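Student: Please find coords-v9.pdb (PDB, C-alpha atoms, pLDDT in the B column) on the next line:
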```pdb
MODEL        1
ATOM      1  CA  MET D 678       8.189  16.196   7.990  1.00 51.00           C
ATOM      2  CA  GLN D 679       8.843  19.588   6.368  1.00 57.00           C
ATOM      3  CA  ARG D 680       8.905  18.039   2.908  1.00 58.00           C
ATOM      4  CA  SER D 681       5.563  16.275   3.406  1.00 52.00           C
ATOM      5  CA  THR D 682       4.029  19.518   4.692  1.00 53.00           C
ATOM      6  CA  ALA D 683       5.295  21.353   1.619  1.00 54.00           C
ATOM      7  CA  VAL D 684       3.851  18.655  -0.644  1.00 47.00           C
ATOM      8  CA  ILE D 685       0.478  18.865   1.110  1.00 54.00           C
ATOM      9  CA  TYR D 686       0.384  22.666   0.748  1.00 52.00           C
ATOM     10  CA  THR D 687       1.386  22.406  -2.911  1.00 56.00           C
ATOM     11  CA  LEU D 688      -1.345  19.857  -3.624  1.00 51.00           C
ATOM     12  CA  PHE D 689      -3.904  21.951  -1.769  1.00 51.00           C
ATOM     13  CA  PHE D 690      -2.924  25.078  -3.723  1.00 51.00           C
ATOM     14  CA  ALA D 691      -3.018  23.227  -7.064  1.00 54.00           C
ATOM     15  CA  GLY D 692      -6.442  21.775  -6.253  1.00 54.00           C
ATOM     16  CA  ALA D 693      -7.801  25.135  -5.152  1.00 51.00           C
ATOM     17  CA  LEU D 694      -6.427  26.812  -8.302  1.00 51.00           C
ATOM     18  CA  ALA D 695      -7.974  24.147 -10.533  1.00 50.00           C
ATOM     19  CA  PHE D 696     -11.325  24.487  -8.732  1.00 52.00           C
ATOM     20  CA  VAL D 697     -11.359  28.280  -9.022  1.00 49.00           C
ATOM     21  CA  ILE D 698     -10.306  28.287 -12.681  1.00 55.00           C
ATOM     22  CA  THR D 699     -12.871  25.621 -13.529  1.00 52.00           C
ATOM     23  CA  HIS D 700     -15.709  27.451 -11.815  1.00 54.00           C
ATOM     24  CA  GLY D 701     -14.509  30.874 -12.981  1.00 53.00           C
ATOM     25  CA  GLY D 702     -14.315  29.589 -16.575  1.00 44.00           C
ATOM     26  CA  SER D 703     -17.955  28.448 -16.706  1.00 41.00           C
ATOM     27  CA  GLU D 704     -18.981  31.873 -18.100  1.00 42.00           C
ATOM     28  CA  GLY D 705     -16.795  31.292 -21.167  1.00 40.00           C
ATOM     29  CA  ARG D 706     -18.385  27.872 -21.715  1.00 41.00           C
ATOM     30  CA  GLY D 707     -21.884  29.247 -22.078  1.00 41.00           C
ATOM     31  CA  ALA D 708     -23.183  29.169 -18.491  1.00 40.00           C
ATOM     32  CA  ALA D 709     -25.304  32.059 -17.325  1.00 40.00           C
ATOM     33  CA  SER D 710     -23.125  34.905 -16.154  1.00 41.00           C
ATOM     34  CA  ALA D 711     -23.568  36.549 -12.787  1.00 41.00           C
ATOM     35  CA  PRO D 712     -25.490  39.814 -12.849  1.00 41.00           C
ATOM     36  CA  PRO D 713     -23.420  42.995 -12.651  1.00 41.00           C
ATOM     37  CA  ASP D 714     -24.685  43.598  -9.111  1.00 42.00           C
ATOM     38  CA  ALA D 715     -23.863  40.076  -7.896  1.00 41.00           C
ATOM     39  CA  GLY D 716     -22.285  41.549  -4.775  1.00 41.00           C
ATOM     40  CA  PRO D 717     -19.027  41.170  -2.902  1.00 41.00           C
ATOM     41  CA  ASP D 718     -19.151  37.366  -2.768  1.00 42.00           C
ATOM     42  CA  ALA D 719     -18.995  37.145  -6.560  1.00 40.00           C
ATOM     43  CA  ALA D 720     -16.167  39.680  -6.601  1.00 41.00           C
ATOM     44  CA  ASP D 721     -14.268  37.650  -4.007  1.00 42.00           C
ATOM     45  CA  ALA D 722     -14.646  34.466  -6.069  1.00 40.00           C
ATOM     46  CA  ASP D 723     -13.455  36.277  -9.171  1.00 43.00           C
ATOM     47  CA  ALA D 724     -10.488  37.734  -7.309  1.00 40.00           C
ATOM     48  CA  ALA D 725      -9.532  34.224  -6.198  1.00 39.00           C
ATOM     49  CA  ALA D 726      -9.643  32.996  -9.802  1.00 41.00           C
ATOM     50  CA  SER D 727      -7.301  35.748 -10.833  1.00 40.00           C
ATOM     51  CA  PRO D 728      -5.655  37.924  -8.226  1.00 38.00           C
ATOM     52  CA  ALA D 729      -6.119  40.898 -10.505  1.00 37.00           C
ATOM     53  CA  THR D 730      -8.301  43.634  -9.106  1.00 35.00           C
ATOM     54  CA  ALA D 731      -8.601  47.247 -10.165  1.00 35.00           C
ATOM     55  CA  ALA D 732      -7.020  48.185 -13.471  1.00 35.00           C
ATOM     56  CA  ALA D 733      -6.158  51.572 -14.869  1.00 36.00           C
ATOM     57  CA  GLY D 734      -9.296  53.619 -15.422  1.00 37.00           C
ATOM     58  CA  ASP D 735     -10.610  54.687 -18.757  1.00 37.00           C
ATOM     59  CA  ALA D 736     -11.256  58.394 -19.194  1.00 36.00           C
ATOM     60  CA  ASP D 737     -14.750  57.735 -20.524  1.00 38.00           C
ATOM     61  CA  ALA D 738     -15.915  55.732 -17.482  1.00 37.00           C
ATOM     62  CA  GLY D 739     -18.912  57.424 -15.953  1.00 37.00           C
ATOM     63  CA  SER D 740     -19.328  59.910 -18.779  1.00 35.00           C
ATOM     64  CA  ASP D 741     -22.950  59.010 -19.615  1.00 36.00           C
ATOM     65  CA  ALA D 742     -25.229  61.745 -18.275  1.00 36.00           C
ATOM     66  CA  GLY D 743     -28.724  60.969 -17.023  1.00 36.00           C
ATOM     67  CA  ALA D 744     -31.862  62.965 -17.810  1.00 33.00           C
ATOM     68  CA  GLU D 745     -31.048  65.440 -15.038  1.00 33.00           C
ATOM     69  CA  GLY D 746     -27.374  65.724 -15.985  1.00 33.00           C
ATOM     70  CA  ILE D 747     -26.221  63.408 -13.194  1.00 29.00           C
ATOM     71  CA  LEU D 748     -23.255  61.270 -14.192  1.00 30.00           C
ATOM     72  CA  GLN D 749     -23.986  57.577 -14.091  1.00 33.00           C
ATOM     73  CA  GLU D 750     -21.413  54.793 -14.040  1.00 37.00           C
ATOM     74  CA  ARG D 751     -21.332  52.445 -16.955  1.00 39.00           C
ATOM     75  CA  GLY D 752     -21.949  48.856 -16.122  1.00 43.00           C
ATOM     76  CA  PRO D 753     -19.928  45.925 -17.401  1.00 42.00           C
ATOM     77  CA  GLU D 754     -19.668  45.551 -21.139  1.00 43.00           C
ATOM     78  CA  PRO D 755     -21.804  42.451 -21.690  1.00 44.00           C
ATOM     79  CA  ALA D 756     -21.592  42.657 -25.473  1.00 41.00           C
ATOM     80  CA  GLY D 757     -18.744  40.479 -26.663  1.00 41.00           C
ATOM     81  CA  ARG D 758     -18.361  38.679 -23.327  1.00 49.00           C
ATOM     82  CA  SER D 759     -20.314  35.613 -24.443  1.00 62.00           C
ATOM     83  CA  ASP D 760     -17.385  34.370 -26.516  1.00 76.00           C
ATOM     84  CA  ALA D 761     -14.563  35.284 -24.107  1.00 90.00           C
ATOM     85  CA  GLY D 762     -12.387  32.211 -23.880  1.00 93.00           C
ATOM     86  CA  VAL D 763     -14.456  30.304 -26.416  1.00 94.00           C
ATOM     87  CA  THR D 764     -13.162  31.822 -29.647  1.00 94.00           C
ATOM     88  CA  LEU D 765      -9.813  33.109 -30.858  1.00 93.00           C
ATOM     89  CA  LEU D 766      -9.407  36.834 -31.578  1.00 92.00           C
ATOM     90  CA  SER D 767     -10.250  36.047 -35.206  1.00 91.00           C
ATOM     91  CA  GLY D 768     -13.708  34.945 -34.033  1.00 92.00           C
ATOM     92  CA  GLU D 769     -13.047  31.339 -35.026  1.00 93.00           C
ATOM     93  CA  ALA D 770     -13.290  28.378 -32.683  1.00 94.00           C
ATOM     94  CA  PRO D 771      -9.850  27.064 -31.729  1.00 95.00           C
ATOM     95  CA  PRO D 772      -8.808  23.863 -33.504  1.00 94.00           C
ATOM     96  CA  SER D 773      -8.275  20.652 -31.573  1.00 93.00           C
ATOM     97  CA  LEU D 774      -4.912  20.279 -29.904  1.00 93.00           C
ATOM     98  CA  PRO D 775      -2.510  17.953 -31.711  1.00 88.00           C
ATOM     99  CA  ALA D 776      -1.877  14.508 -30.224  1.00 88.00           C
ATOM    100  CA  GLU D 777       1.663  15.509 -29.267  1.00 91.00           C
ATOM    101  CA  ALA D 778       0.466  18.482 -27.169  1.00 93.00           C
ATOM    102  CA  PRO D 779       1.571  18.145 -23.534  1.00 95.00           C
ATOM    103  CA  LYS D 780      -0.827  16.940 -20.837  1.00 96.00           C
ATOM    104  CA  LYS D 781       0.237  19.756 -18.499  1.00 97.00           C
ATOM    105  CA  VAL D 782       2.368  22.880 -18.784  1.00 97.00           C
ATOM    106  CA  ARG D 783       4.036  25.359 -16.484  1.00 98.00           C
ATOM    107  CA  PHE D 784       3.309  28.923 -17.507  1.00 98.00           C
ATOM    108  CA  GLY D 785       3.292  32.621 -16.741  1.00 97.00           C
ATOM    109  CA  VAL D 786       0.794  35.206 -17.890  1.00 98.00           C
ATOM    110  CA  VAL D 787       0.437  38.928 -18.523  1.00 98.00           C
ATOM    111  CA  LEU D 788      -3.115  39.985 -17.628  1.00 98.00           C
ATOM    112  CA  ILE D 789      -4.850  42.983 -19.195  1.00 98.00           C
ATOM    113  CA  GLN D 790      -8.310  43.493 -17.720  1.00 97.00           C
ATOM    114  CA  TYR D 791     -11.255  45.418 -19.086  1.00 97.00           C
ATOM    115  CA  ARG D 792     -14.700  46.467 -17.921  1.00 95.00           C
ATOM    116  CA  GLY D 793     -16.924  43.416 -17.591  1.00 94.00           C
ATOM    117  CA  ALA D 794     -14.103  40.891 -17.136  1.00 95.00           C
ATOM    118  CA  GLN D 795     -14.131  38.763 -13.988  1.00 93.00           C
ATOM    119  CA  GLY D 796     -12.484  40.622 -11.129  1.00 92.00           C
ATOM    120  CA  ALA D 797     -12.205  43.904 -13.055  1.00 94.00           C
ATOM    121  CA  ALA D 798     -13.229  47.149 -11.422  1.00 93.00           C
ATOM    122  CA  PRO D 799     -16.163  49.061 -12.919  1.00 93.00           C
ATOM    123  CA  THR D 800     -13.657  51.785 -13.812  1.00 94.00           C
ATOM    124  CA  ALA D 801     -11.392  49.416 -15.775  1.00 95.00           C
ATOM    125  CA  ARG D 802     -10.418  50.326 -19.324  1.00 96.00           C
ATOM    126  CA  SER D 803     -12.702  49.495 -22.255  1.00 97.00           C
ATOM    127  CA  LYS D 804     -12.289  46.196 -24.097  1.00 95.00           C
ATOM    128  CA  ASP D 805     -10.931  47.997 -27.180  1.00 96.00           C
ATOM    129  CA  ALA D 806      -8.323  49.857 -25.092  1.00 97.00           C
ATOM    130  CA  ALA D 807      -7.384  46.592 -23.372  1.00 97.00           C
ATOM    131  CA  LEU D 808      -6.920  44.822 -26.708  1.00 97.00           C
ATOM    132  CA  ALA D 809      -4.698  47.634 -28.000  1.00 97.00           C
ATOM    133  CA  LEU D 810      -2.563  47.407 -24.837  1.00 98.00           C
ATOM    134  CA  ALA D 811      -2.493  43.595 -25.047  1.00 97.00           C
ATOM    135  CA  ARG D 812      -1.185  43.745 -28.614  1.00 97.00           C
ATOM    136  CA  GLU D 813       1.492  46.225 -27.567  1.00 97.00           C
ATOM    137  CA  LEU D 814       2.552  44.112 -24.569  1.00 98.00           C
ATOM    138  CA  ALA D 815       2.572  40.927 -26.671  1.00 97.00           C
ATOM    139  CA  GLU D 816       5.337  42.474 -28.770  1.00 97.00           C
ATOM    140  CA  VAL D 817       7.289  43.404 -25.627  1.00 97.00           C
ATOM    141  CA  ALA D 818       6.726  39.923 -24.156  1.00 97.00           C
ATOM    142  CA  LYS D 819       8.405  38.232 -27.126  1.00 96.00           C
ATOM    143  CA  THR D 820      11.761  39.701 -26.102  1.00 96.00           C
ATOM    144  CA  ASP D 821      11.272  40.619 -22.425  1.00 97.00           C
ATOM    145  CA  PHE D 822       8.422  38.811 -20.662  1.00 97.00           C
ATOM    146  CA  LYS D 823       9.248  40.349 -17.268  1.00 97.00           C
ATOM    147  CA  ALA D 824       8.985  43.867 -18.710  1.00 97.00           C
ATOM    148  CA  ALA D 825       5.550  43.001 -20.122  1.00 97.00           C
ATOM    149  CA  ILE D 826       4.487  41.665 -16.694  1.00 97.00           C
ATOM    150  CA  GLU D 827       5.461  44.964 -15.081  1.00 97.00           C
ATOM    151  CA  LYS D 828       3.203  46.820 -17.533  1.00 97.00           C
ATOM    152  CA  GLY D 829       0.331  44.332 -17.147  1.00 96.00           C
ATOM    153  CA  ASP D 830      -2.373  44.434 -14.505  1.00 96.00           C
ATOM    154  CA  LYS D 831      -2.164  43.003 -11.013  1.00 94.00           C
ATOM    155  CA  GLY D 832      -2.300  39.232 -11.356  1.00 93.00           C
ATOM    156  CA  SER D 833       0.357  39.141 -14.050  1.00 96.00           C
ATOM    157  CA  THR D 834       3.175  36.774 -13.093  1.00 96.00           C
ATOM    158  CA  ASP D 835       6.101  35.017 -14.690  1.00 95.00           C
ATOM    159  CA  ASP D 836       5.213  31.650 -13.090  1.00 96.00           C
ATOM    160  CA  LEU D 837       1.697  30.488 -12.267  1.00 95.00           C
ATOM    161  CA  GLY D 838       2.889  26.901 -11.881  1.00 96.00           C
ATOM    162  CA  TYR D 839       1.558  23.832 -13.666  1.00 97.00           C
ATOM    163  CA  ILE D 840      -1.897  23.462 -15.149  1.00 97.00           C
ATOM    164  CA  PRO D 841      -3.339  20.318 -16.759  1.00 97.00           C
ATOM    165  CA  ARG D 842      -5.346  20.236 -19.963  1.00 95.00           C
ATOM    166  CA  GLY D 843      -9.095  20.521 -19.565  1.00 94.00           C
ATOM    167  CA  VAL D 844      -9.062  23.299 -16.947  1.00 95.00           C
ATOM    168  CA  LEU D 845      -8.966  26.458 -19.072  1.00 95.00           C
ATOM    169  CA  GLU D 846     -11.493  27.654 -21.613  1.00 95.00           C
ATOM    170  CA  PRO D 847     -10.919  26.405 -25.205  1.00 96.00           C
ATOM    171  CA  ALA D 848      -9.135  29.498 -26.604  1.00 96.00           C
ATOM    172  CA  PRO D 849      -6.545  30.060 -23.843  1.00 96.00           C
ATOM    173  CA  GLU D 850      -6.000  26.301 -23.583  1.00 96.00           C
ATOM    174  CA  TYR D 851      -5.312  26.041 -27.308  1.00 96.00           C
ATOM    175  CA  GLU D 852      -2.939  29.026 -27.255  1.00 96.00           C
ATOM    176  CA  LEU D 853      -1.051  27.820 -24.168  1.00 96.00           C
ATOM    177  CA  PHE D 854      -0.779  24.130 -25.026  1.00 97.00           C
ATOM    178  CA  SER D 855       0.245  24.896 -28.626  1.00 95.00           C
ATOM    179  CA  LEU D 856       3.295  26.867 -27.498  1.00 95.00           C
ATOM    180  CA  SER D 857       6.762  25.350 -27.541  1.00 95.00           C
ATOM    181  CA  LYS D 858       8.858  25.652 -24.373  1.00 96.00           C
ATOM    182  CA  GLY D 859       9.769  29.301 -23.926  1.00 96.00           C
ATOM    183  CA  GLY D 860       7.141  30.371 -26.467  1.00 96.00           C
ATOM    184  CA  VAL D 861       4.927  33.429 -25.942  1.00 97.00           C
ATOM    185  CA  SER D 862       1.354  33.673 -27.231  1.00 96.00           C
ATOM    186  CA  GLY D 863      -0.362  36.631 -28.750  1.00 96.00           C
ATOM    187  CA  PRO D 864      -3.321  38.159 -26.914  1.00 97.00           C
ATOM    188  CA  VAL D 865      -6.147  35.747 -26.143  1.00 97.00           C
ATOM    189  CA  ASP D 866      -9.484  36.766 -24.649  1.00 97.00           C
ATOM    190  CA  THR D 867     -10.528  34.989 -21.451  1.00 96.00           C
ATOM    191  CA  PRO D 868     -13.354  35.656 -18.995  1.00 96.00           C
ATOM    192  CA  ARG D 869     -10.707  37.277 -16.766  1.00 96.00           C
ATOM    193  CA  GLY D 870      -9.400  39.675 -19.429  1.00 97.00           C
ATOM    194  CA  PHE D 871      -6.778  39.372 -22.153  1.00 97.00           C
ATOM    195  CA  TRP D 872      -3.904  36.972 -21.496  1.00 97.00           C
ATOM    196  CA  ILE D 873      -0.458  36.842 -22.999  1.00 98.00           C
ATOM    197  CA  ALA D 874       0.902  33.461 -21.950  1.00 97.00           C
ATOM    198  CA  ARG D 875       4.452  32.143 -21.840  1.00 98.00           C
ATOM    199  CA  ARG D 876       5.083  28.414 -21.599  1.00 97.00           C
ATOM    200  CA  ILE D 877       7.928  27.629 -19.195  1.00 96.00           C
ATOM    201  CA  GLU D 878       7.852  23.817 -19.340  1.00 93.00           C
TER     202      GLU D 878
ENDMDL
END
```
Turn the structure described in the file into structure tokens.
Tutor:
Amino acid sequence: MQRSTAVIYTLFFAGALAFVITHGGSEGRGAASAPPDAGPDAADADAAASPATAAAGDADAGSDAGAEGILQERGPEPAGRSDAGVTLLSGEAPPSLPAEAPKKVRFGVVLIQYRGAQGAAPTARSKDAALALARELAEVAKTDFKAAIEKGDKGSTDDLGYIPRGVLEPAPEYELFSLSKGGVSGPVDTPRGFWIARRIE
């Protein structure tokens, strides 16, 4: 009885994760993105897709002064978001996966969020600062993935479980499914922020 209950919970969790990732990834596939003021329901859906929430603030957040000298918060950084998850950091579309690529993998991820990413706080770091940190943590992750996780944002974990092909956006899917067992990717942009992925199985 306990084993069947555990299997049911596992299947439910896997289905819910696949649903959330699929619907959360629609922005990277060219669907219209939610407006910056979409409200708490959109934030809740994004938080479910990636448990990451507030990230370290950027010193320049809120530094734009209005006509009367009142500080105004910067909104999300829409520029550059249209290709998050669709292209590699080089700007090129990811190649097709080879025939021998696995059908599903077990993986962990270091998450580095930035302003405008799904689930990121308005005070999150800029995309450029996030990319610099992601490159730094990618080097750490090659030798000590757990240390990189500790320096990543909330939502970073050494084991997210299994994910089948066809769920993630093209760029993170290519990076993840091209890794050998134990391999660690470089930074890859996703709608949720930069990922550094490690393939477990």
Student: Record the distance separating atom CA of D:Tyr791 and atom CA of D:Ser803, expressed in Å with one decimal.
Tutor: 5.4 Å
Student: Which of these, D:Pro841, D:Pro772, D:Gly829, D:Pro849, has the shortest distance to D:Val787 once you count all atoms listed in the file?
Tutor: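 With all atoms listed in the file as the atom set, the closest residue is D:Gly829.
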Student: Kindly give the distance, in Å, that separates atom CA of D:Ala770 and atom CA of D:Thr820, rounded to a single decimal.
Tutor: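 Between these atoms lies a distance of 28.3 Å.
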Student: Given the point (-5.5, 41.6, -30.5) in the coordinates of this file, which residues lie within 9 Å, counting all atoms listed in the file, and how would they look as a list of chain:residue names?
Tutor: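 Applying the cut-off with all atoms listed in the file, one gets D:Leu766, D:Ser767, D:Ala807, D:Leu808, D:Ala809, D:Leu810, D:Ala811, D:Arg812, D:Glu813, D:Ala815, D:Gly863, D:Pro864, D:Val865, D:Asp866, D:Phe871.
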Student: Could you check the closest approach to D:Asp821 for each of D:Trp872, D:Pro771, D:Phe854, D:Val861 and tell me which residue wins, using only C-alpha atoms?
Tutor: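 Once distances to D:Asp821 are computed over only C-alpha atoms, the minimum belongs to D:Val861.
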Student: May I ask for the distance between atom CA of D:Glu827 and atom CA of D:Val786, given in Å to one decimal place?
Tutor: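 Atom CA of D:Val786 lies at a distance of 11.2 Å from atom CA of D:Glu827.
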Student: List the residues matched by the PyMOL selection byres ((chain D and resi 837) around 10) in the displayed structure as a ChimeraX atom specification, ordered by chain and then by residue number.
Tutor: /D:694,783-786,832-836,838-840,877
Student: Take the residues just selected and output them with C-alpha atoms as a PDB file, keeping the file's coordinate frame.
Tutor:
```
ATOM      1  CA  LEU D 694      -6.427  26.812  -8.302  1.00 51.00           C
ATOM      2  CA  ARG D 783       4.036  25.359 -16.484  1.00 98.00           C
ATOM      3  CA  PHE D 784       3.309  28.923 -17.507  1.00 98.00           C
ATOM      4  CA  GLY D 785       3.292  32.621 -16.741  1.00 97.00           C
ATOM      5  CA  VAL D 786       0.794  35.206 -17.890  1.00 98.00           C
ATOM      6  CA  GLY D 832      -2.300  39.232 -11.356  1.00 93.00           C
ATOM      7  CA  SER D 833       0.357  39.141 -14.050  1.00 96.00           C
ATOM      8  CA  THR D 834       3.175  36.774 -13.093  1.00 96.00           C
ATOM      9  CA  ASP D 835       6.101  35.017 -14.690  1.00 95.00           C
ATOM     10  CA  ASP D 836       5.213  31.650 -13.090  1.00 96.00           C
ATOM     11  CA  GLY D 838       2.889  26.901 -11.881  1.00 96.00           C
ATOM     12  CA  TYR D 839       1.558  23.832 -13.666  1.00 97.00           C
ATOM     13  CA  ILE D 840      -1.897  23.462 -15.149  1.00 97.00           C
ATOM     14  CA  ILE D 877       7.928  27.629 -19.195  1.00 96.00           C
TER      15      ILE D 877
END
```
Student: Select, from D:Lys804, D:Lys823, D:Lys780, D:Arg875, the residue with the minimum atom-to-atom distance to D:Leu853, counting only C-alpha atoms.
Tutor: D:Arg875
Student: Between D:Arg876, D:Lys831, D:Arg842, D:Lys858, which residue has the minimum interatomic distance to D:Ala797, considering all atoms listed in the file?
Tutor: D:Lys831
Student: List as a PyMOL selection string the protein and nucleic acid residues near D:Ser855, meaning an atom at most 10 Å away when only C-alpha atoms are counted, but skip any in the same chain fewer than 6 places from it.
Tutor: chain D and resi 773-775+777-779+849+862+876
Student: Select, from D:Asp830, D:Gly843, D:Glu878, D:Phe822, the residue with the minimum atom-to-atom distance to D:Ala801, counting all atoms listed in the file.
Tutor: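 Smallest distance to D:Ala801 is found for D:Asp830.
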